[in-house]
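For reference, the structure discussed in these notes is given below.
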Amino acid sequence: MKRPTGREMKQKVLVAAIPPGYADGPAQRFLASDAPLSTVFLAFPGPQPQEAEFFTGRIVQKYLHHQLWLSLRQDLGYCYDLQVNYSYLNEPTAPTLTIAFQVLPENTEPALDAVFRVLEKLETTKLTPEEIQSYREQEEKAQQRNYDVPGFLSLMDALGVQLDLAWATDYEQYCANLKLVSADGISSFAQTYFPKWRLSIVGPALDGRNKHLP
């Protein structure tokens, strides 16, 4: 997987405001963009809900959140809040998986290096059955809570009608599909989607050389 270089981060991806596609999603819990922090968005496309790999994406989302939380917050202490969002409800025909977090500007590059290590590990190292089961159980519990919320169920019902999804309002069928996710499928997912990353960084300049950026 090609990583962004320091030069690219200083000259290409530093932006003046939160990109519109993130403003109502991954960014909504973060501070204003003029805070003395870098807000990092690393996004890549995900499967649509009607595609077989969609449920693999749900497990990958749980894996990334857990592993990045351990790395960026607990081990390195770079950030307090970290999100991994899958925009399939808002963008069912072109969903994205977005990793979002805030760090001090001087920690931006080492934090991204840690993120890419997590991504690369999933590309090259298969999860064990026990790990997959753990992430599947996390997703099942989260979705069960969601299904108890009338507003969420209404969104899923609309999604099911739009895309002809039998599992959209059927929790048992949703869980049955999760059980089909395999270690090989997760590795294939990572190898297919992770290299298509897009990076945006909102915040103060990383150093004096990029003050010309908007």
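Naming scheme: A, B, ... for chains in displayed order of the structure tokens; residues 1 onward per chain; ligands 1 onward as shown.
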
- Message: Going by DSSP on the backbone, which residues of stretch 51-184 of chain A come out as helix (DSSP H, G or I)? List them as JSON, numbers by chain.
- Response: {"A": [54, 55, 56, 57, 58, 59, 60, 61, 62, 63, 64, 65, 66, 67, 68, 69, 70, 71, 72, 73, 74, 75, 105, 106, 107, 108, 109, 110, 111, 112, 113, 114, 115, 116, 117, 118, 119, 120, 121, 122, 123, 124, 129, 130, 131, 132, 133, 134, 135, 136, 137, 138, 139, 140, 141, 142, 143, 144, 145, 146, 147, 150, 151, 152, 153, 154, 155, 156, 157, 158, 159, 160, 161, 162, 163, 171, 172, 173, 174, 175, 176, 177, 178, 183, 184]}

Go ahead and write the selection's residues with C-alpha atoms as a compact mmCIF listing (two decimals), in the first residue's frame.
# COMPACT_ATOMS: atom_id res chain seq x y z
CA PHE A 54 -20.81 -5.43 2.70
CA PHE A 55 -20.89 -7.59 5.82
CA THR A 56 -17.13 -8.04 5.63
CA GLY A 57 -16.95 -4.26 5.69
CA ARG A 58 -18.96 -4.20 8.91
CA ILE A 59 -16.44 -6.52 10.58
CA VAL A 60 -13.53 -4.50 9.19
CA GLN A 61 -15.09 -1.33 10.61
CA LYS A 62 -15.17 -2.89 14.08
CA TYR A 63 -11.60 -4.17 13.71
CA LEU A 64 -10.26 -0.78 12.65
CA HIS A 65 -11.96 1.09 15.45
CA HIS A 66 -10.66 -1.32 18.08
CA GLN A 67 -7.10 -1.55 16.76
CA LEU A 68 -6.74 2.17 16.09
CA TRP A 69 -8.14 2.98 19.53
CA LEU A 70 -5.52 0.73 21.10
CA SER A 71 -2.73 2.19 18.98
CA LEU A 72 -3.49 5.91 18.75
CA ARG A 73 -5.07 6.48 22.14
CA GLN A 74 -3.93 3.84 24.59
CA ASP A 75 -0.43 3.04 23.33
CA PRO A 105 -0.06 19.11 14.45
CA GLU A 106 3.39 17.76 15.31
CA ASN A 107 1.88 14.29 15.83
CA THR A 108 0.07 14.18 12.49
CA GLU A 109 2.71 12.25 10.57
CA PRO A 110 3.54 9.69 13.29
CA ALA A 111 -0.18 9.15 13.91
CA LEU A 112 -0.79 8.47 10.23
CA ASP A 113 2.17 6.13 10.21
CA ALA A 114 0.51 4.17 13.02
CA VAL A 115 -2.78 4.10 11.09
CA PHE A 116 -1.12 2.71 7.99
CA ARG A 117 0.61 0.03 10.05
CA VAL A 118 -2.82 -1.16 11.21
CA LEU A 119 -4.14 -1.15 7.64
CA GLU A 120 -1.12 -2.99 6.29
CA LYS A 121 -1.35 -5.62 9.02
CA LEU A 122 -4.89 -6.47 7.98
CA GLU A 123 -3.76 -6.74 4.36
CA THR A 124 -1.04 -9.25 5.18
CA PRO A 129 -11.61 -17.34 14.05
CA GLU A 130 -11.69 -16.08 17.64
CA GLU A 131 -10.95 -12.51 16.55
CA ILE A 132 -13.61 -12.62 13.85
CA GLN A 133 -16.14 -13.98 16.34
CA SER A 134 -15.33 -11.18 18.79
CA TYR A 135 -15.82 -8.44 16.20
CA ARG A 136 -18.95 -10.16 14.90
CA GLU A 137 -20.45 -10.23 18.39
CA GLN A 138 -19.64 -6.54 18.81
CA GLU A 139 -21.45 -5.76 15.57
CA GLU A 140 -24.42 -7.94 16.50
CA LYS A 141 -24.83 -6.14 19.83
CA ALA A 142 -24.49 -2.72 18.24
CA GLN A 143 -27.01 -3.56 15.54
CA GLN A 144 -29.45 -5.00 18.05
CA ARG A 145 -29.40 -1.68 19.90
CA ASN A 146 -29.89 0.13 16.59
CA TYR A 147 -32.88 -2.02 15.65
CA PRO A 150 -37.58 3.47 15.57
CA GLY A 151 -35.74 6.09 13.54
CA PHE A 152 -32.97 3.67 12.61
CA LEU A 153 -35.46 0.97 11.67
CA SER A 154 -37.24 3.45 9.40
CA LEU A 155 -33.95 4.20 7.63
CA MET A 156 -33.24 0.50 7.22
CA ASP A 157 -36.74 -0.10 5.90
CA ALA A 158 -36.24 2.61 3.28
CA LEU A 159 -32.85 1.13 2.40
CA GLY A 160 -34.39 -2.32 2.04
CA VAL A 161 -37.07 -1.03 -0.30
CA GLN A 162 -34.58 0.97 -2.36
CA LEU A 163 -32.09 -1.88 -2.79
CA TYR A 171 -32.04 -8.79 12.65
CA GLU A 172 -31.71 -12.58 12.51
CA GLN A 173 -30.92 -12.48 8.80
CA TYR A 174 -28.44 -9.67 9.39
CA CYS A 175 -26.62 -11.82 11.95
CA ALA A 176 -26.72 -14.84 9.64
CA ASN A 177 -24.95 -12.82 6.96
CA LEU A 178 -22.31 -11.71 9.45
CA ALA A 183 -10.55 -14.51 7.27
CA ASP A 184 -9.85 -14.82 3.54

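For stretch 26-134 of chain A, backbone-based DSSP labels the following residues as strand (DSSP E): Ser38, Thr39, Val40, Phe41, Leu42, Ala43, Phe44, Pro45, Leu82, Gln83, Val84, Asn85, Tyr86, Thr96, Leu97, Thr98, Ile99, Ala100, Phe101, Gln102 and Val103 of chain A.
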
Using the selection just defined, write its residues with N, CA, C and O atoms as a PDB file, in the first residue's frame.
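The result, stored in selection.pdb:
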ATOM      1  N   SER A  38      -4.892  19.158  14.426  1.00  0.00           N
ATOM      2  CA  SER A  38      -5.116  18.644  13.078  1.00  0.00           C
ATOM      3  C   SER A  38      -6.235  17.610  13.139  1.00  0.00           C
ATOM      4  O   SER A  38      -6.186  16.691  13.956  1.00  0.00           O
ATOM      5  N   THR A  39      -7.251  17.789  12.301  1.00  0.00           N
ATOM      6  CA  THR A  39      -8.316  16.804  12.175  1.00  0.00           C
ATOM      7  C   THR A  39      -8.042  16.000  10.917  1.00  0.00           C
ATOM      8  O   THR A  39      -7.979  16.553   9.819  1.00  0.00           O
ATOM      9  N   VAL A  40      -7.861  14.713  11.087  1.00  0.00           N
ATOM     10  CA  VAL A  40      -7.421  13.837   9.999  1.00  0.00           C
ATOM     11  C   VAL A  40      -8.585  12.974   9.532  1.00  0.00           C
ATOM     12  O   VAL A  40      -9.286  12.366  10.353  1.00  0.00           O
ATOM     13  N   PHE A  41      -8.793  12.936   8.215  1.00  0.00           N
ATOM     14  CA  PHE A  41      -9.799  12.070   7.609  1.00  0.00           C
ATOM     15  C   PHE A  41      -9.104  11.178   6.589  1.00  0.00           C
ATOM     16  O   PHE A  41      -8.560  11.667   5.599  1.00  0.00           O
ATOM     17  N   LEU A  42      -9.109   9.895   6.838  1.00  0.00           N
ATOM     18  CA  LEU A  42      -8.568   8.929   5.888  1.00  0.00           C
ATOM     19  C   LEU A  42      -9.730   8.043   5.455  1.00  0.00           C
ATOM     20  O   LEU A  42     -10.297   7.309   6.267  1.00  0.00           O
ATOM     21  N   ALA A  43     -10.109   8.139   4.195  1.00  0.00           N
ATOM     22  CA  ALA A  43     -11.309   7.456   3.710  1.00  0.00           C
ATOM     23  C   ALA A  43     -10.978   6.560   2.532  1.00  0.00           C
ATOM     24  O   ALA A  43     -10.056   6.825   1.761  1.00  0.00           O
ATOM     25  N   PHE A  44     -11.737   5.491   2.406  1.00  0.00           N
ATOM     26  CA  PHE A  44     -11.638   4.636   1.229  1.00  0.00           C
ATOM     27  C   PHE A  44     -13.021   4.081   0.926  1.00  0.00           C
ATOM     28  O   PHE A  44     -13.883   4.008   1.806  1.00  0.00           O
ATOM     29  N   PRO A  45     -13.271   3.717  -0.327  1.00  0.00           N
ATOM     30  CA  PRO A  45     -14.608   3.244  -0.693  1.00  0.00           C
ATOM     31  C   PRO A  45     -14.929   1.923  -0.017  1.00  0.00           C
ATOM     32  O   PRO A  45     -14.040   1.138   0.318  1.00  0.00           O
ATOM     33  N   LEU A  82     -11.720   8.996  18.494  1.00  0.00           N
ATOM     34  CA  LEU A  82     -11.410   8.391  17.199  1.00  0.00           C
ATOM     35  C   LEU A  82     -12.667   7.720  16.680  1.00  0.00           C
ATOM     36  O   LEU A  82     -13.376   7.050  17.428  1.00  0.00           O
ATOM     37  N   GLN A  83     -12.960   7.924  15.410  1.00  0.00           N
ATOM     38  CA  GLN A  83     -14.160   7.351  14.814  1.00  0.00           C
ATOM     39  C   GLN A  83     -13.808   6.580  13.551  1.00  0.00           C
ATOM     40  O   GLN A  83     -12.880   6.952  12.827  1.00  0.00           O
ATOM     41  N   VAL A  84     -14.566   5.525  13.298  1.00  0.00           N
ATOM     42  CA  VAL A  84     -14.511   4.822  12.017  1.00  0.00           C
ATOM     43  C   VAL A  84     -15.952   4.698  11.544  1.00  0.00           C
ATOM     44  O   VAL A  84     -16.746   3.970  12.147  1.00  0.00           O
ATOM     45  N   ASN A  85     -16.296   5.440  10.513  1.00  0.00           N
ATOM     46  CA  ASN A  85     -17.670   5.512  10.028  1.00  0.00           C
ATOM     47  C   ASN A  85     -17.825   4.794   8.696  1.00  0.00           C
ATOM     48  O   ASN A  85     -16.941   4.854   7.844  1.00  0.00           O
ATOM     49  N   TYR A  86     -18.972   4.145   8.536  1.00  0.00           N
ATOM     50  CA  TYR A  86     -19.327   3.492   7.269  1.00  0.00           C
ATOM     51  C   TYR A  86     -20.611   4.173   6.804  1.00  0.00           C
ATOM     52  O   TYR A  86     -21.661   4.026   7.432  1.00  0.00           O
ATOM     53  N   THR A  96     -18.552   5.057   1.920  1.00  0.00           N
ATOM     54  CA  THR A  96     -17.132   5.129   2.247  1.00  0.00           C
ATOM     55  C   THR A  96     -16.921   4.713   3.695  1.00  0.00           C
ATOM     56  O   THR A  96     -17.797   4.873   4.545  1.00  0.00           O
ATOM     57  N   LEU A  97     -15.751   4.167   3.954  1.00  0.00           N
ATOM     58  CA  LEU A  97     -15.269   3.945   5.314  1.00  0.00           C
ATOM     59  C   LEU A  97     -14.302   5.076   5.622  1.00  0.00           C
ATOM     60  O   LEU A  97     -13.351   5.308   4.864  1.00  0.00           O
ATOM     61  N   THR A  98     -14.550   5.798   6.698  1.00  0.00           N
ATOM     62  CA  THR A  98     -13.733   6.956   7.029  1.00  0.00           C
ATOM     63  C   THR A  98     -13.180   6.834   8.439  1.00  0.00           C
ATOM     64  O   THR A  98     -13.928   6.649   9.397  1.00  0.00           O
ATOM     65  N   ILE A  99     -11.868   6.934   8.545  1.00  0.00           N
ATOM     66  CA  ILE A  99     -11.183   7.009   9.833  1.00  0.00           C
ATOM     67  C   ILE A  99     -10.982   8.487  10.136  1.00  0.00           C
ATOM     68  O   ILE A  99     -10.442   9.229   9.310  1.00  0.00           O
ATOM     69  N   ALA A 100     -11.429   8.941  11.299  1.00  0.00           N
ATOM     70  CA  ALA A 100     -11.330  10.358  11.646  1.00  0.00           C
ATOM     71  C   ALA A 100     -10.823  10.505  13.076  1.00  0.00           C
ATOM     72  O   ALA A 100     -11.277   9.801  13.977  1.00  0.00           O
ATOM     73  N   PHE A 101      -9.880  11.431  13.266  1.00  0.00           N
ATOM     74  CA  PHE A 101      -9.355  11.684  14.609  1.00  0.00           C
ATOM     75  C   PHE A 101      -8.657  13.037  14.625  1.00  0.00           C
ATOM     76  O   PHE A 101      -8.383  13.624  13.575  1.00  0.00           O
ATOM     77  N   GLN A 102      -8.381  13.535  15.825  1.00  0.00           N
ATOM     78  CA  GLN A 102      -7.674  14.798  15.998  1.00  0.00           C
ATOM     79  C   GLN A 102      -6.387  14.575  16.776  1.00  0.00           C
ATOM     80  O   GLN A 102      -6.365  13.826  17.759  1.00  0.00           O
ATOM     81  N   VAL A 103      -5.332  15.258  16.329  1.00  0.00           N
ATOM     82  CA  VAL A 103      -4.035  15.166  16.998  1.00  0.00           C
ATOM     83  C   VAL A 103      -3.376  16.540  17.000  1.00  0.00           C
ATOM     84  O   VAL A 103      -3.762  17.430  16.236  1.00  0.00           O
TER      85      VAL A 103
END

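Interatomic distance, atom CA of A:Lys126 against atom CA of A:Pro95: 24.4 Å.
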
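Taking only C-alpha atoms into account, A:Ala166 lies nearest to A:Gln50 out of the set A:Ser187, A:Gln50, A:Ser182, A:Thr93.
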
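Of the residues under consideration (A:Asn90, A:Ser200, A:Thr125, A:Thr192), A:Asn90 shows the shortest atom-to-atom contact distance to A:Pro49 when counting only C-alpha atoms.
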